[in-house]
Structures are given as structure tokens and as C-alpha cells.
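A.B. asks: Have a look at this one.
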Amino acid sequence: MSAQHSVSTGSSPVISCFIEGWSVLRPVGAGKFSLDDIDPSLCTHLVFLFAGLDDDRSTISLEAEYDTEGERAFRQLVAIKARVPSLHVTVAIGGWTEGSEGFSKMASSQRTRKTFIDSVLENLKRYKLDGLDIFWQNPAQKIQKGRPEDKRNYVTLVKELKEALRPEGFSLTVAVMSLKSVIDDGYDLPGLAEHVGEISRV
């Protein structure tokens with residue numbers, strides 16, 4: 001687990017704790033870590049990395065690649081949230097192994113975006129989570145089968161997500177790559193900033 005501390009003027013400190021789904025696969029004594037090991041009193045926000053994207057159906061998949069027991073990790077998140085209702089619990093989707101191809105396809109049309117957004121809403125409600133973080137890594141980059149139109153489509157996606165999530169009280173944040181070439185080609189930062197609560201750099 002890693003933690004990120006930020007403070008805004010006039011607001012309470014935010015301590016975000018990130019739990020990596022693949023940490024359960026590490027050997028004991030070499031970084032093995034699970035949701036059972038978390039002390040939620042140390043965090044104001046808890047982010048689970050990562051949910052997946054079902055490329056064929058353009059839906060969020062909570063049977064993450066490294067969640068070796070199916071949806072157990074997400075049920076554990078529910079239990080943590082039940083113990084500490086004030087903890088803001090979100091799930092992140094994306095990352096390096098997810099690539100860009102599925103995101104590109106999903107974001108390319110209103111129909112597939114709606115399918116994705118509906119599945120996000122359904123699962124946030126089902127697991128009583130507080131929001132979604134998107135880490136679309138390398139949009140528009142050929143190295144991960146991105147498309148030139150990803151930059152424009154990403155803004156459209158987060159706009160429509162905001163319109164669906166905000167009335168339900170869910171948060172929406174994004175993470176972006178720090179490389180200037182990736183930012184220039186793939187991220188319309190001012191456009192994204194209009195529709196998300198926070199943009200973090202990775």
C-alpha cells in the first residue's frame with residue numbers, strides 16, 4: 001500500500017491510500033499485502049488498483065486480473081467501508097496492462113460510452129463505493145494501440161461520466177502519465193479538468 005498526502009487551503013487534509021491488487025501475489029516477507037492488512041484509520045481516501053475493462057462488452061470488469069479469488073477484493077472493500085463509513089473508497093480502472101485499445105474502442109461512440117457508464121453506475125451502487133478513478137495510460141499512443149481521436153474522445157467520456165455520476169453523489173478523478181509527449185498527444189488537460197474533481201500525475 002502507498003499513501004499520498006495533500007492539503008488544500010481551508011479544507012481538511014486528504015490522505016489517499018492506494019492498494020494494488022497484485023500485491024497479494026508477492027511472497028510473504030517480500031511485500032505481500034492484502035486488503036486485510038489495511039488500517040483504514042490511517043486514510044481519508046482508499047483507492048483500489050485496478051478494475052479491468054471488458055473489451056468485448058465495453059463494461060467495467062470487477063474480476064481484476066490480479067484478484068485471484070474473483071470479486072473477493074471488492075467484497076472486502078465493502079466490508080472496510082461498512083466498518084469506517086467516513087472512508088472515501090474508490091476503484092481505479094486502467095493501468096499499463098489494460099492498455100489503450102479497449103478504452104479507445106469504448107470511448108469512440110455514444111453507444112459504447114453509455115454501456116460503460118451504465119456498468120460503472122451499477123457496480124458503484126452494488127458495492128457501495130464512492131467513486132471512480134480512470135487511469136487511461138497512453139491514449140493516442142500506437143505502442144498500446146491507441147487512436148489519434150482518443151484525446152478528443154476522452155474528454156467526451158469524462159463529461160458524460162460526470163453527468164451520470166455527480167447526481168448520484170459519486171466522485172470522478174483521473175490519473176495521467178507525466179511524460180510530456182504522452183500528455184501533448186493524448187490528454188486535453190483543460191478539457192478533462194472541467195469535468196473531474198482531481199487530476200493526478202503518475
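Residues in the C-alpha cells are numbered from 1 in each chain, the chains being A, B, ... in the order shown, and ligands are numbered from 1 in the order shown.
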Can you pull out the residues contacting region 78-93 of chain A? Cut-off 7 Å, using only C-alpha atoms, and skip same-chain residues under 5 positions away; I want them as a list in words.

C.D. replies: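 Close residues of region 78-93 of chain A: Thr44, His45, Leu46, Val47, Phe48, Leu49, Phe50, Ala51, Gly52, Tyr127, Lys128, Leu129, Asp130, Gly131, Leu132, Asp133, Ile134 and Phe135 of chain A.
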
A.B. asks: Atoms to include: C-alpha atoms. Write the selected residues as a short mmCIF file (atom, residue, chain, number, x, y, z; two decimals), in the first residue's frame.

C.D. replies:
```cif
data_model
loop_
_atom_site.label_atom_id
_atom_site.label_comp_id
_atom_site.auth_asym_id
_atom_site.auth_seq_id
_atom_site.Cartn_x
_atom_site.Cartn_y
_atom_site.Cartn_z
CA THR A 44 -9.23 9.53 4.41
CA HIS A 45 -9.43 8.02 0.90
CA LEU A 46 -8.79 4.45 -0.26
CA VAL A 47 -8.19 3.66 -3.95
CA PHE A 48 -8.12 0.07 -5.25
CA LEU A 49 -5.90 -0.59 -8.30
CA PHE A 50 -7.24 -1.85 -10.71
CA ALA A 51 -10.58 -2.91 -12.10
CA GLY A 52 -10.50 -4.05 -15.70
CA TYR A 127 -20.53 -2.48 -3.90
CA LYS A 128 -21.45 0.77 -2.13
CA LEU A 129 -18.30 2.51 -3.36
CA ASP A 130 -17.82 6.27 -3.51
CA GLY A 131 -16.40 6.89 -6.94
CA LEU A 132 -14.27 6.04 -9.96
CA ASP A 133 -10.69 6.89 -10.89
CA ILE A 134 -9.62 6.42 -14.53
CA PHE A 135 -6.02 5.76 -15.49
#
```

A.B. asks: Running DSSP on the backbone, which parts of region 91-155 of chain A land in strand (DSSP E or B), as a ChimeraX atom specification?

C.D. replies: /A:91-94,131-135

A.B. asks: Excluding same-chain residues fewer than 6 positions from Ser104 (chain A), what lies within 7 Å of it counting only C-alpha atoms, as number ranges by chain?

C.D. replies: A: 146-147, 150

A.B. asks: At a cut-off of 10 Å, using only C-alpha atoms, what residues contact Arg57 (chain A)? Leave out same-chain residues fewer than 5 positions from it and give the result as a count of residues only.

C.D. replies: 5

A.B. asks: With distances taken over only C-alpha atoms, which residue among A:Lys32, A:Arg152, A:His195, A:Lys145 lies nearest Ser171 (chain A)?

C.D. replies: A:His195

A.B. asks: Given the choices A:Pro139, A:Pro27, A:Gly191, A:Gly197, which gets closest to Val176 (chain A) if the distance is worked out from only C-alpha atoms?

C.D. replies: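 Ranked by minimum distance to Val176 (chain A), first place goes to A:Pro139.
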
A.B. asks: Among region 39-176 of chain A, which ones does DSSP place in helix (DSSP H, G or I), written as a PyMOL selection string?

C.D. replies: chain A and resi 40-42+72-83+101-107+110-126+142-144+150-168

A.B. asks: Under the rule that only C-alpha atoms are counted, which of A:Leu192, A:Leu77, A:Val158, A:Ala175 is the nearest residue to Leu62 (chain A)?

C.D. replies: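 Of A:Leu192, A:Leu77, A:Val158, A:Ala175, the one nearest Leu62 (chain A), counting only C-alpha atoms, is A:Leu77.
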
A.B. asks: Neighbours of Leu35 (chain A) within 8 Å (only C-alpha atoms; same-chain residues fewer than 6 positions away dropped), as a ChimeraX atom specification?

C.D. replies: /A:19,73,76-77

A.B. asks: Residues at most 9 Å from Lys162 (chain A), counting only C-alpha atoms, excluding those fewer than 5 positions away in the same chain, as a PyMOL selection string?

C.D. replies: chain A and resi 157+167+170-172+195-196

A.B. asks: Have a look at CA of Leu165 (chain A) and CA of Ser41 (chain A) and let me know their distance in Å, one decimal.

C.D. replies: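 CA of Leu165 (chain A) sits 26.6 Å away from CA of Ser41 (chain A).
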
A.B. asks: Which residue gives the smallest distance to Ser200 (chain A) among A:Val174, A:Ile183, A:Ile60, A:Leu121, with only C-alpha atoms counted?

C.D. replies: A:Val174

A.B. asks: For Val155 (chain A), which of A:Ile143, A:Lys125, A:Glu168, A:Trp136 is the closest residue, counting only C-alpha atoms?

C.D. replies: A:Trp136

A.B. asks: Could you check how far CA of Arg126 (chain A) sits from CA of Glu160 (chain A), in Å to one decimal?

C.D. replies: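 Interatomic distance, CA of Arg126 (chain A) to CA of Glu160 (chain A): 20.5 Å.
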
A.B. asks: Just to confirm, what's the straight-line distance from CA of Glu98 (chain A) to CA of Ala140 (chain A) in Å (one decimal)?

C.D. replies: 14.2 Å
